[in-house]
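Text of my_file-v3.cif, listed as mmCIF, C-alpha atoms:
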```
data_model
loop_
_atom_site.group_PDB
_atom_site.id
_atom_site.type_symbol
_atom_site.label_atom_id
_atom_site.label_comp_id
_atom_site.auth_asym_id
_atom_site.auth_seq_id
_atom_site.Cartn_x
_atom_site.Cartn_y
_atom_site.Cartn_z
ATOM 1 C CA MET T 19 14.436 147.371 438.579
ATOM 2 C CA ALA T 20 18.178 147.484 438.392
ATOM 3 C CA PRO T 21 19.895 145.247 435.847
ATOM 4 C CA PRO T 22 21.419 141.952 437.073
ATOM 5 C CA ILE T 23 24.885 142.357 438.553
ATOM 6 C CA PRO T 24 27.681 139.847 437.929
ATOM 7 C CA THR T 25 29.136 138.204 441.018
ATOM 8 C CA PHE T 26 32.756 137.234 441.566
ATOM 9 C CA PRO T 27 34.236 134.653 443.947
ATOM 10 C CA VAL T 28 35.739 135.853 447.237
ATOM 11 C CA PRO T 29 39.364 134.847 446.359
ATOM 12 C CA HIS T 30 39.204 137.380 443.492
ATOM 13 C CA LEU T 31 38.639 140.250 445.932
ATOM 14 C CA PRO T 32 42.204 141.704 445.813
ATOM 15 C CA LEU T 33 41.979 141.695 441.996
ATOM 16 C CA GLU T 34 38.626 143.528 442.097
ATOM 17 C CA THR T 35 39.899 146.148 444.564
ATOM 18 C CA SER T 36 42.838 146.861 442.297
ATOM 19 C CA THR T 37 40.500 147.855 439.451
ATOM 20 C CA LEU T 38 38.052 150.732 439.156
ATOM 21 C CA PRO T 39 34.367 150.202 438.270
ATOM 22 C CA ASN T 40 35.203 151.191 434.661
ATOM 23 C CA GLY T 41 37.774 148.378 434.453
ATOM 24 C CA LYS T 42 40.873 150.582 434.571
ATOM 25 C CA PRO T 43 43.592 149.859 437.153
ATOM 26 C CA ARG T 44 43.274 151.754 440.449
ATOM 27 C CA LYS T 45 46.157 154.158 441.012
ATOM 28 C CA PRO T 46 47.713 153.967 443.525
ATOM 29 C CA ALA T 47 46.953 150.296 444.030
ATOM 30 C CA ILE T 48 45.252 149.314 447.297
ATOM 31 C CA ASP T 49 46.375 146.555 449.609
ATOM 32 C CA LEU T 50 43.319 145.738 451.738
ATOM 33 C CA GLU T 51 45.302 144.623 454.795
ATOM 34 C CA ARG T 52 47.940 147.353 454.665
ATOM 35 C CA ASP T 53 45.990 150.432 453.514
ATOM 36 C CA CYS T 54 42.402 149.932 454.681
ATOM 37 C CA ALA T 55 41.207 150.241 458.290
ATOM 38 C CA PRO T 56 39.175 147.327 459.648
ATOM 39 C CA LYS T 57 35.614 148.282 460.633
ATOM 40 C CA GLN T 58 32.562 146.385 461.744
ATOM 41 C CA LEU T 59 28.810 146.795 461.531
ATOM 42 C CA THR T 60 26.442 144.762 463.683
ATOM 43 C CA GLN T 61 23.118 143.553 462.332
ATOM 44 C CA TYR T 62 20.807 140.942 463.795
ATOM 45 C CA LYS T 63 18.595 137.915 463.206
ATOM 46 C CA CYS T 64 15.480 138.464 465.290
ATOM 47 C CA ASN T 65 13.008 135.649 465.860
ATOM 48 C CA ILE T 66 10.334 134.781 468.387
ATOM 49 C CA ASP T 67 11.752 132.662 471.199
ATOM 50 C CA PRO T 68 10.204 129.209 470.513
ATOM 51 C CA LYS T 69 10.099 128.387 474.250
ATOM 52 C CA LYS T 70 7.889 131.343 475.134
ATOM 53 C CA LYS T 71 5.774 131.938 472.057
ATOM 54 C CA ASN T 72 2.759 129.797 472.973
ATOM 55 C CA LYS T 73 1.821 131.416 476.261
ATOM 56 C CA GLU T 74 -1.664 132.893 475.932
ATOM 57 C CA GLY T 75 -2.121 136.566 476.687
ATOM 58 C CA LYS T 76 1.597 137.272 476.898
ATOM 59 C CA LYS T 77 3.668 139.126 474.371
ATOM 60 C CA PRO T 78 6.140 136.807 472.647
ATOM 61 C CA LEU T 79 9.785 137.275 473.524
ATOM 62 C CA ILE T 80 11.843 138.329 470.508
ATOM 63 C CA VAL T 81 15.481 137.309 470.635
ATOM 64 C CA CYS T 82 17.992 138.977 468.322
ATOM 65 C CA LEU T 83 21.262 137.198 467.553
ATOM 66 C CA PRO T 84 24.061 139.480 466.327
ATOM 67 C CA VAL T 85 25.451 139.148 462.811
ATOM 68 C CA VAL T 86 28.715 141.055 462.527
ATOM 69 C CA ARG T 87 29.717 142.351 459.087
ATOM 70 C CA PHE T 88 33.376 143.243 458.664
ATOM 71 C CA TYR T 89 34.566 146.021 456.386
ATOM 72 C CA ARG T 90 37.791 147.579 455.215
ATOM 73 C CA ALA T 91 37.550 151.354 454.862
ATOM 74 C CA CYS T 92 40.120 152.488 452.308
ATOM 75 C CA PRO T 93 41.595 156.010 452.141
ATOM 76 C CA ASP T 94 39.827 156.960 448.889
ATOM 77 C CA GLY T 95 36.391 156.241 450.406
ATOM 78 C CA LEU T 96 36.060 152.702 449.061
ATOM 79 C CA HIS T 97 34.368 150.319 451.506
ATOM 80 C CA VAL T 98 34.943 146.613 451.018
ATOM 81 C CA GLU T 99 32.914 144.090 452.983
ATOM 82 C CA THR T 100 35.391 141.451 454.089
ATOM 83 C CA THR T 101 33.133 139.240 456.234
ATOM 84 C CA VAL T 102 33.675 136.156 454.073
ATOM 85 C CA TRP T 103 37.141 137.155 452.865
ATOM 86 C CA GLU T 104 38.578 137.370 456.414
ATOM 87 C CA ALA T 105 37.177 133.906 457.217
ATOM 88 C CA TRP T 106 38.497 132.513 453.910
ATOM 89 C CA LYS T 107 41.928 133.985 454.624
ATOM 90 C CA GLU T 108 42.001 132.353 458.067
ATOM 91 C CA ARG T 109 41.062 129.003 456.526
ATOM 92 C CA ILE T 110 43.923 129.310 454.022
ATOM 93 C CA LYS T 111 46.427 130.198 456.784
ATOM 94 C CA THR T 112 45.254 127.261 458.922
ATOM 95 C CA ALA T 113 45.532 124.883 455.969
ATOM 96 C CA GLU T 114 49.056 126.114 455.183
ATOM 97 C CA LYS T 115 50.177 125.553 458.791
ATOM 98 C CA ALA T 116 48.683 122.039 458.892
ATOM 99 C CA MET D 18 -4.885 184.772 454.813
ATOM 100 C CA LEU D 19 -1.565 185.829 453.347
ATOM 101 C CA LYS D 20 0.157 185.050 456.644
ATOM 102 C CA CYS D 21 -1.345 181.533 456.705
ATOM 103 C CA ALA D 22 -0.112 180.939 453.159
ATOM 104 C CA GLN D 23 3.354 182.158 454.141
ATOM 105 C CA ILE D 24 3.476 179.885 457.182
ATOM 106 C CA GLY D 25 2.268 176.987 455.021
ATOM 107 C CA LEU D 26 4.915 177.631 452.384
ATOM 108 C CA ILE D 27 7.697 177.979 454.940
ATOM 109 C CA GLY D 28 6.523 174.771 456.638
ATOM 110 C CA HIS D 29 6.427 172.936 453.333
ATOM 111 C CA PHE D 30 9.922 174.214 452.451
ATOM 112 C CA PHE D 31 11.270 173.066 455.835
ATOM 113 C CA ILE D 32 9.662 169.614 455.614
ATOM 114 C CA LYS D 33 10.656 169.104 451.984
ATOM 115 C CA TYR D 34 14.265 170.252 452.192
ATOM 116 C CA PHE D 35 15.386 170.128 455.842
ATOM 117 C CA TYR D 36 13.777 167.847 458.419
ATOM 118 C CA CYS D 37 10.556 165.901 458.720
ATOM 119 C CA ILE D 38 8.928 163.357 460.984
ATOM 120 C CA ALA D 39 7.997 160.033 459.394
ATOM 121 C CA SER D 40 6.245 156.984 460.767
ATOM 122 C CA THR D 41 7.493 153.448 460.281
ATOM 123 C CA SER D 42 6.090 149.963 460.664
ATOM 124 C CA GLY D 43 7.224 146.385 460.358
ATOM 125 C CA VAL D 44 9.984 144.320 461.929
ATOM 126 C CA SER D 45 12.727 144.601 459.313
ATOM 127 C CA MET D 46 14.810 147.071 461.319
ATOM 128 C CA LEU D 47 14.559 145.389 464.729
ATOM 129 C CA PRO D 48 16.136 145.930 467.220
ATOM 130 C CA THR D 49 17.392 149.325 465.999
ATOM 131 C CA LEU D 50 13.920 150.673 465.197
ATOM 132 C CA PRO D 51 10.951 149.486 467.276
ATOM 133 C CA HIS D 52 7.987 147.690 465.725
ATOM 134 C CA HIS D 53 4.385 148.801 466.333
ATOM 135 C CA TYR D 54 2.595 145.466 466.690
ATOM 136 C CA GLY D 55 0.389 145.516 469.782
ATOM 137 C CA ARG D 56 1.292 149.115 470.514
ATOM 138 C CA GLY D 57 -1.271 151.059 468.485
ATOM 139 C CA PHE D 58 0.526 154.160 467.332
ATOM 140 C CA PRO D 59 3.455 153.556 464.941
ATOM 141 C CA PRO D 60 7.001 154.659 465.845
ATOM 142 C CA LEU D 61 8.052 158.116 464.638
ATOM 143 C CA LEU D 62 11.448 158.955 463.163
ATOM 144 C CA LEU D 63 13.272 162.232 462.647
ATOM 145 C CA VAL D 64 14.453 162.263 459.013
ATOM 146 C CA SER D 65 16.977 164.649 457.505
ATOM 147 C CA MET D 66 15.811 165.611 454.014
ATOM 148 C CA ARG D 67 19.161 167.265 453.397
ATOM 149 C CA HIS D 68 20.294 163.759 452.419
ATOM 150 C CA ARG D 69 17.593 163.309 449.763
ATOM 151 C CA TYR D 70 18.742 161.629 446.536
ATOM 152 C CA GLY D 71 21.532 160.037 448.571
ATOM 153 C CA ARG D 72 23.505 163.229 449.194
ATOM 154 C CA ASP D 73 26.245 162.681 451.776
ATOM 155 C CA VAL D 74 24.935 159.309 452.916
ATOM 156 C CA ALA D 75 27.480 156.654 453.795
ATOM 157 C CA VAL D 76 27.798 152.982 454.633
ATOM 158 C CA GLY D 77 26.053 152.324 457.964
ATOM 159 C CA ASP D 78 23.462 155.110 457.633
ATOM 160 C CA ILE D 79 19.753 154.324 457.970
ATOM 161 C CA ILE D 80 17.782 155.769 455.070
ATOM 162 C CA VAL D 81 14.151 156.205 454.044
ATOM 163 C CA PHE D 82 13.481 155.546 450.374
ATOM 164 C CA GLU D 83 10.709 154.879 447.909
ATOM 165 C CA HIS D 84 10.352 151.138 447.520
ATOM 166 C CA PRO D 85 11.568 150.136 444.024
ATOM 167 C CA MET D 86 9.051 147.270 443.766
ATOM 168 C CA GLN D 87 6.090 149.020 445.403
ATOM 169 C CA PRO D 88 5.930 152.587 444.080
ATOM 170 C CA ARG D 89 4.628 155.266 446.493
ATOM 171 C CA GLN D 90 5.465 153.038 449.455
ATOM 172 C CA ARG D 91 8.352 154.058 451.650
ATOM 173 C CA ALA D 92 10.820 151.723 453.280
ATOM 174 C CA CYS D 93 13.591 152.155 455.804
ATOM 175 C CA LYS D 94 16.836 150.165 455.700
ATOM 176 C CA ARG D 95 20.544 150.458 456.437
ATOM 177 C CA ILE D 96 23.131 151.170 453.731
ATOM 178 C CA ILE D 97 25.559 148.277 453.303
ATOM 179 C CA GLY D 98 27.426 149.553 450.243
ATOM 180 C CA MET D 99 27.746 152.772 448.246
ATOM 181 C CA PRO D 100 28.520 153.063 444.494
ATOM 182 C CA GLY D 101 31.719 151.185 443.654
ATOM 183 C CA ASP D 102 31.870 149.382 447.006
ATOM 184 C CA LEU D 103 32.243 145.616 447.159
ATOM 185 C CA VAL D 104 29.718 143.732 449.290
ATOM 186 C CA CYS D 105 29.032 140.107 450.154
ATOM 187 C CA VAL D 106 26.147 138.178 448.640
ATOM 188 C CA VAL D 107 23.771 137.068 451.406
ATOM 189 C CA THR D 108 20.789 134.810 450.839
ATOM 190 C CA PRO D 109 17.346 136.406 451.431
ATOM 191 C CA GLY D 110 15.542 136.227 454.773
ATOM 192 C CA LYS D 111 12.395 134.310 455.639
ATOM 193 C CA ARG D 112 9.010 134.746 453.985
ATOM 194 C CA ASP D 113 5.515 134.650 455.475
ATOM 195 C CA GLU D 114 5.238 130.908 454.832
ATOM 196 C CA ASP D 115 8.430 130.319 456.848
ATOM 197 C CA VAL D 116 6.949 131.639 460.106
ATOM 198 C CA GLY D 117 6.786 128.196 461.722
ATOM 199 C CA LYS D 118 10.303 127.186 460.691
ATOM 200 C CA GLU D 119 12.601 127.362 463.662
ATOM 201 C CA GLU D 120 15.520 125.324 462.391
ATOM 202 C CA ASP D 121 17.499 126.184 459.291
ATOM 203 C CA PRO D 122 19.722 123.121 458.765
ATOM 204 C CA SER D 123 20.220 123.785 455.052
ATOM 205 C CA LYS D 124 21.268 127.379 455.859
ATOM 206 C CA GLU D 125 18.654 128.649 453.449
ATOM 207 C CA PHE D 126 18.095 131.999 455.130
ATOM 208 C CA THR D 127 20.547 134.871 455.675
ATOM 209 C CA THR D 128 23.663 132.916 454.828
ATOM 210 C CA PHE D 129 26.810 134.579 453.529
ATOM 211 C CA ARG D 130 27.751 133.011 450.199
ATOM 212 C CA ASP D 131 31.283 132.802 448.814
ATOM 213 C CA ASP D 132 30.429 135.426 446.201
ATOM 214 C CA MET D 133 30.616 139.187 446.128
ATOM 215 C CA ILE D 134 29.296 141.997 443.965
ATOM 216 C CA ARG D 135 30.305 145.531 443.112
ATOM 217 C CA VAL D 136 27.567 148.112 443.741
ATOM 218 C CA PRO D 137 26.866 149.889 440.415
ATOM 219 C CA GLU D 138 27.251 153.634 439.965
ATOM 220 C CA GLY D 139 24.262 155.687 441.100
ATOM 221 C CA HIS D 140 23.024 152.928 443.385
ATOM 222 C CA CYS D 141 23.485 151.707 446.932
ATOM 223 C CA TRP D 142 23.030 148.327 448.581
ATOM 224 C CA VAL D 143 20.630 148.211 451.529
ATOM 225 C CA ALA D 144 19.665 145.634 454.146
ATOM 226 C CA GLY D 145 17.373 145.660 457.150
ATOM 227 C CA ASP D 146 18.991 145.202 460.561
ATOM 228 C CA ASN D 147 16.729 142.198 461.157
ATOM 229 C CA LEU D 148 18.271 140.134 458.376
ATOM 230 C CA ASP D 149 15.931 137.159 458.852
ATOM 231 C CA TRP D 150 12.799 139.257 458.246
ATOM 232 C CA SER D 151 13.760 141.939 455.793
ATOM 233 C CA ARG D 152 13.014 142.433 452.125
ATOM 234 C CA ASP D 153 15.893 144.487 450.847
ATOM 235 C CA SER D 154 18.600 144.561 448.166
ATOM 236 C CA ARG D 155 18.922 140.792 448.492
ATOM 237 C CA LEU D 156 15.509 140.667 446.772
ATOM 238 C CA PHE D 157 15.224 143.834 444.669
ATOM 239 C CA GLY D 158 18.913 144.402 443.912
ATOM 240 C CA PRO D 159 20.767 147.709 444.136
ATOM 241 C CA LEU D 160 18.685 150.725 445.123
ATOM 242 C CA PRO D 161 18.887 153.833 442.887
ATOM 243 C CA LEU D 162 20.108 156.775 444.986
ATOM 244 C CA ALA D 163 17.450 158.911 443.295
ATOM 245 C CA LEU D 164 14.819 157.034 445.358
ATOM 246 C CA VAL D 165 16.369 158.074 448.681
ATOM 247 C CA TYR D 166 14.143 160.504 450.632
ATOM 248 C CA GLY D 167 16.422 161.132 453.573
ATOM 249 C CA LYS D 168 18.551 159.845 456.402
ATOM 250 C CA VAL D 169 17.107 158.761 459.747
ATOM 251 C CA LEU D 170 18.611 160.812 462.582
ATOM 252 C CA ALA D 171 16.602 159.622 465.560
ATOM 253 C CA VAL D 172 13.695 157.638 466.931
ATOM 254 C CA ILE D 173 11.449 160.131 468.731
ATOM 255 C CA PHE D 174 8.435 157.944 469.585
ATOM 256 C CA PRO D 175 7.711 155.748 471.541
ATOM 257 C CA PHE D 176 9.596 157.655 474.205
ATOM 258 C CA GLN D 177 11.015 154.543 475.890
ATOM 259 C CA ASP D 178 12.710 153.588 472.588
ATOM 260 C CA ALA D 179 13.846 157.124 471.720
ATOM 261 C CA LYS D 180 17.448 157.262 470.547
ATOM 262 C CA TRP D 181 19.737 159.525 468.597
ATOM 263 C CA PHE D 182 21.706 158.096 465.665
ATOM 264 C CA GLY D 183 23.206 161.445 464.771
ATOM 265 C CA TRP D 184 25.577 162.242 461.999
ATOM 266 C CA ARG D 185 28.266 159.680 462.782
ATOM 267 C CA SER D 186 28.508 156.453 460.856
ATOM 268 C CA ALA D 187 27.381 153.195 462.463
ATOM 269 C CA LEU D 188 30.645 151.595 461.316
ATOM 270 C CA ARG D 189 32.875 150.981 464.331
ATOM 271 C CA ASP D 190 36.571 150.272 464.647
ATOM 272 C CA VAL D 191 37.107 146.572 465.204
ATOM 273 C CA ALA D 192 39.703 147.181 467.932
ATOM 274 C CA GLY D 193 37.684 149.764 469.873
ATOM 275 C CA SER D 194 34.204 148.344 469.451
ATOM 276 C CA GLY D 195 33.733 147.596 473.157
ATOM 277 C CA GLY D 196 33.796 143.808 473.059
ATOM 278 C CA GLU D 197 31.633 141.193 471.442
ATOM 279 C CA PRO D 198 28.116 142.122 470.234
ATOM 280 C CA GLN D 199 25.465 140.870 472.617
ATOM 281 C CA TRP D 200 22.147 139.092 472.199
ATOM 282 C CA VAL D 201 19.203 141.431 472.434
ATOM 283 C CA SER D 202 15.799 140.428 473.776
ATOM 284 C CA LEU D 203 12.701 142.556 473.196
#
```
Can you dump the structure from the file as structure tokens?
Amino acid sequence: MAPPIPTFPVPHLPLETSTLPNGKPRKPAIDLERDCAPKQLTQYKCNIDPKKKNKEGKKPLIVCLPVVRFYRACPDGLHVETTVWEAWKERIKTAEKA
Amino acid sequence: MLKCAQIGLIGHFFIKYFYCIASTSGVSMLPTLPHHYGRGFPPLLLVSMRHRYGRDVAVGDIIVFEHPMQPRQRACKRIIGMPGDLVCVVTPGKRDEDVGKEEDPSKEFTTFRDDMIRVPEGHCWVAGDNLDWSRDSRLFGPLPLALVYGKVLAVIFPFQDAKWFGWRSALRDVAGSGGEPQWVSL
């Protein structure tokens, strides 16, 4: 088993991207929005359709709802998942406008 | 006799270091990989062993690996993060006792939390495509790259579900992704 990994809150993401895994500053520094291309990966939540699962002798219908994960692919090969960060950023912008 | 031994050795070399066919079971990679319930023969995958120990694998690739919690059992999941990458913390999927639960008002299952982690060196972060019914890095943590057997290139059986994943990453450009992802029914 791998050792426990510390988590950090989403607002600290720019700070984490500006440092290397060994704690040293990343050179040149990365700006997620300016330097890293937005990407997406689609996964799913598949469950048996509750309306059709009780019919005898018939195969249940499995319905898969998409779950889109957003990434930023940076030039040095770093991939940062920004699914929550993008939503958090939008919330901040909306709050500032209001 | 010598010829049989030679053929056997060449076959072993090819299967061990180049390509092999592996079977899979379970629902954790639906709808990307088919399940085998009610079908008899399990689905077969073409696996590239050139990617063993995590060589040249990338975010979005589907890999076969030795399960870190169940030694000698293989599992198949998608890579979400490579060493040094930053990934979101997502709550685990459902368990056997949650089969009857249709509603999830408390957002207990497969919910993105406001926390992130950095994938440690020498490891990757994996998740099944069927996030609600997958036991993956959300349960057993980062996966050592040394446990990676290979990368899945294609589904070759059943023939109606055959598909080629190829060498390209599953990550798509947001702008050119071809519209919103759709519901899938199986």
Practice prompt. Output as a ChimeraX atom specification the set of chain T residues within 9 Å of chain D, with distances taken over only C-alpha atoms.
Written response: /T:19-29,31,34-35,38-39,55-65,68,77-86,88-89,95-103,106
Next, the residues of the selection above should be written as an mmCIF file, in the coordinates of the input with C-alpha atoms.
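Dumped everything to out.cif:
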```cif
data_model
loop_
_atom_site.group_PDB
_atom_site.id
_atom_site.type_symbol
_atom_site.label_atom_id
_atom_site.label_comp_id
_atom_site.auth_asym_id
_atom_site.auth_seq_id
_atom_site.Cartn_x
_atom_site.Cartn_y
_atom_site.Cartn_z
ATOM 1 C CA MET T 19 14.436 147.371 438.579
ATOM 2 C CA ALA T 20 18.178 147.484 438.392
ATOM 3 C CA PRO T 21 19.895 145.247 435.847
ATOM 4 C CA PRO T 22 21.419 141.952 437.073
ATOM 5 C CA ILE T 23 24.885 142.357 438.553
ATOM 6 C CA PRO T 24 27.681 139.847 437.929
ATOM 7 C CA THR T 25 29.136 138.204 441.018
ATOM 8 C CA PHE T 26 32.756 137.234 441.566
ATOM 9 C CA PRO T 27 34.236 134.653 443.947
ATOM 10 C CA VAL T 28 35.739 135.853 447.237
ATOM 11 C CA PRO T 29 39.364 134.847 446.359
ATOM 12 C CA LEU T 31 38.639 140.250 445.932
ATOM 13 C CA GLU T 34 38.626 143.528 442.097
ATOM 14 C CA THR T 35 39.899 146.148 444.564
ATOM 15 C CA LEU T 38 38.052 150.732 439.156
ATOM 16 C CA PRO T 39 34.367 150.202 438.270
ATOM 17 C CA ALA T 55 41.207 150.241 458.290
ATOM 18 C CA PRO T 56 39.175 147.327 459.648
ATOM 19 C CA LYS T 57 35.614 148.282 460.633
ATOM 20 C CA GLN T 58 32.562 146.385 461.744
ATOM 21 C CA LEU T 59 28.810 146.795 461.531
ATOM 22 C CA THR T 60 26.442 144.762 463.683
ATOM 23 C CA GLN T 61 23.118 143.553 462.332
ATOM 24 C CA TYR T 62 20.807 140.942 463.795
ATOM 25 C CA LYS T 63 18.595 137.915 463.206
ATOM 26 C CA CYS T 64 15.480 138.464 465.290
ATOM 27 C CA ASN T 65 13.008 135.649 465.860
ATOM 28 C CA PRO T 68 10.204 129.209 470.513
ATOM 29 C CA LYS T 77 3.668 139.126 474.371
ATOM 30 C CA PRO T 78 6.140 136.807 472.647
ATOM 31 C CA LEU T 79 9.785 137.275 473.524
ATOM 32 C CA ILE T 80 11.843 138.329 470.508
ATOM 33 C CA VAL T 81 15.481 137.309 470.635
ATOM 34 C CA CYS T 82 17.992 138.977 468.322
ATOM 35 C CA LEU T 83 21.262 137.198 467.553
ATOM 36 C CA PRO T 84 24.061 139.480 466.327
ATOM 37 C CA VAL T 85 25.451 139.148 462.811
ATOM 38 C CA VAL T 86 28.715 141.055 462.527
ATOM 39 C CA PHE T 88 33.376 143.243 458.664
ATOM 40 C CA TYR T 89 34.566 146.021 456.386
ATOM 41 C CA GLY T 95 36.391 156.241 450.406
ATOM 42 C CA LEU T 96 36.060 152.702 449.061
ATOM 43 C CA HIS T 97 34.368 150.319 451.506
ATOM 44 C CA VAL T 98 34.943 146.613 451.018
ATOM 45 C CA GLU T 99 32.914 144.090 452.983
ATOM 46 C CA THR T 100 35.391 141.451 454.089
ATOM 47 C CA THR T 101 33.133 139.240 456.234
ATOM 48 C CA VAL T 102 33.675 136.156 454.073
ATOM 49 C CA TRP T 103 37.141 137.155 452.865
ATOM 50 C CA TRP T 106 38.497 132.513 453.910
#
```
Worksheet item: Distance CA of Arg112 in chain D-CA of Pro51 in chain D, one decimal place?
Response: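 Those two atoms sit 19.9 Å apart.
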Discussion item. Please compute the CA of Phe182 in chain D-CA of Asp78 in chain D distance, one decimal, in Å.
Written reply: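 Spanning CA of Phe182 in chain D to CA of Asp78 in chain D is a straight-line distance of 8.7 Å.
Residue selection for this entry, given the PyMOL selection byres ((chain T and resi 36) around 10), comprises Leu31, Pro32, Leu33, Glu34, Thr35, Thr37, Leu38, Pro39, Gly41, Lys42, Pro43, Arg44, Lys45, Pro46, Ala47, Ile48, Asp49 and Leu50 of chain T.
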Worksheet, complete the sentence: Separating CA of Ala39 in chain D from CA of Arg72 in chain D, to the nearest tenth of an Å, is a gap of 18.8 Å
Discussion item. I need every residue sitting at most 8 Å from the point (18.2, 159.6, 449.6) (coordinates as in the file, all atoms listed in the file considered), written as a list in words.
Written reply: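 Those within range, by chain then number, are Met66, His68, Arg69, Tyr70, Gly71, Arg72, Val74, Ile80, Val81, Phe82, Leu162, Ala163, Leu164, Val165, Tyr166, Gly167 and Lys168 of chain D.
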Could you turn the residues from that selection into a file that holds C-alpha atoms, as a PDB file, in the coordinates of the input?
```pdb
ATOM      1  CA  MET D  66      15.811 165.611 454.014  1.00  0.00           C
ATOM      2  CA  HIS D  68      20.294 163.759 452.419  1.00  0.00           C
ATOM      3  CA  ARG D  69      17.593 163.309 449.763  1.00  0.00           C
ATOM      4  CA  TYR D  70      18.742 161.629 446.536  1.00  0.00           C
ATOM      5  CA  GLY D  71      21.532 160.037 448.571  1.00  0.00           C
ATOM      6  CA  ARG D  72      23.505 163.229 449.194  1.00  0.00           C
ATOM      7  CA  VAL D  74      24.935 159.309 452.916  1.00  0.00           C
ATOM      8  CA  ILE D  80      17.782 155.769 455.070  1.00  0.00           C
ATOM      9  CA  VAL D  81      14.151 156.205 454.044  1.00  0.00           C
ATOM     10  CA  PHE D  82      13.481 155.546 450.374  1.00  0.00           C
ATOM     11  CA  LEU D 162      20.108 156.775 444.986  1.00  0.00           C
ATOM     12  CA  ALA D 163      17.450 158.911 443.295  1.00  0.00           C
ATOM     13  CA  LEU D 164      14.819 157.034 445.358  1.00  0.00           C
ATOM     14  CA  VAL D 165      16.369 158.074 448.681  1.00  0.00           C
ATOM     15  CA  TYR D 166      14.143 160.504 450.632  1.00  0.00           C
ATOM     16  CA  GLY D 167      16.422 161.132 453.573  1.00  0.00           C
ATOM     17  CA  LYS D 168      18.551 159.845 456.402  1.00  0.00           C
TER      18      LYS D 168
END
```
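Restricting the calculation to only C-alpha atoms, the smallest distance between Arg52 in chain T and any of T:Arg87, T:Pro93, T:His30, T:Lys69 is found for T:Pro93.
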Discussion item. Need to verify the contact set: Val64 in chain D, 6 Å, all atoms listed in the file, exclusion of same-chain residues closer than 2 positions in sequence. Can you return it as a PyMOL selection string?
Written reply: chain D and resi 36-38+167-170
Worksheet item: Which of these, D:Arg67, D:Arg91, D:His84, D:Arg155, has the shortest distance to Pro109 in chain D once you count all atoms listed in the file?
Response: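 Once distances to Pro109 in chain D are computed over all atoms listed in the file, the minimum belongs to D:Arg155.
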May I have the centre and edge lengths, in Å to one decimal, of an axis-aligned box around the listed atoms of range 57-63 of chain T with 6 Å added to every side, as JSON?
```
{"center_x": 27.1, "center_y": 143.1, "center_z": 462.2, "size_x": 29.0, "size_y": 22.4, "size_z": 15.2}
```
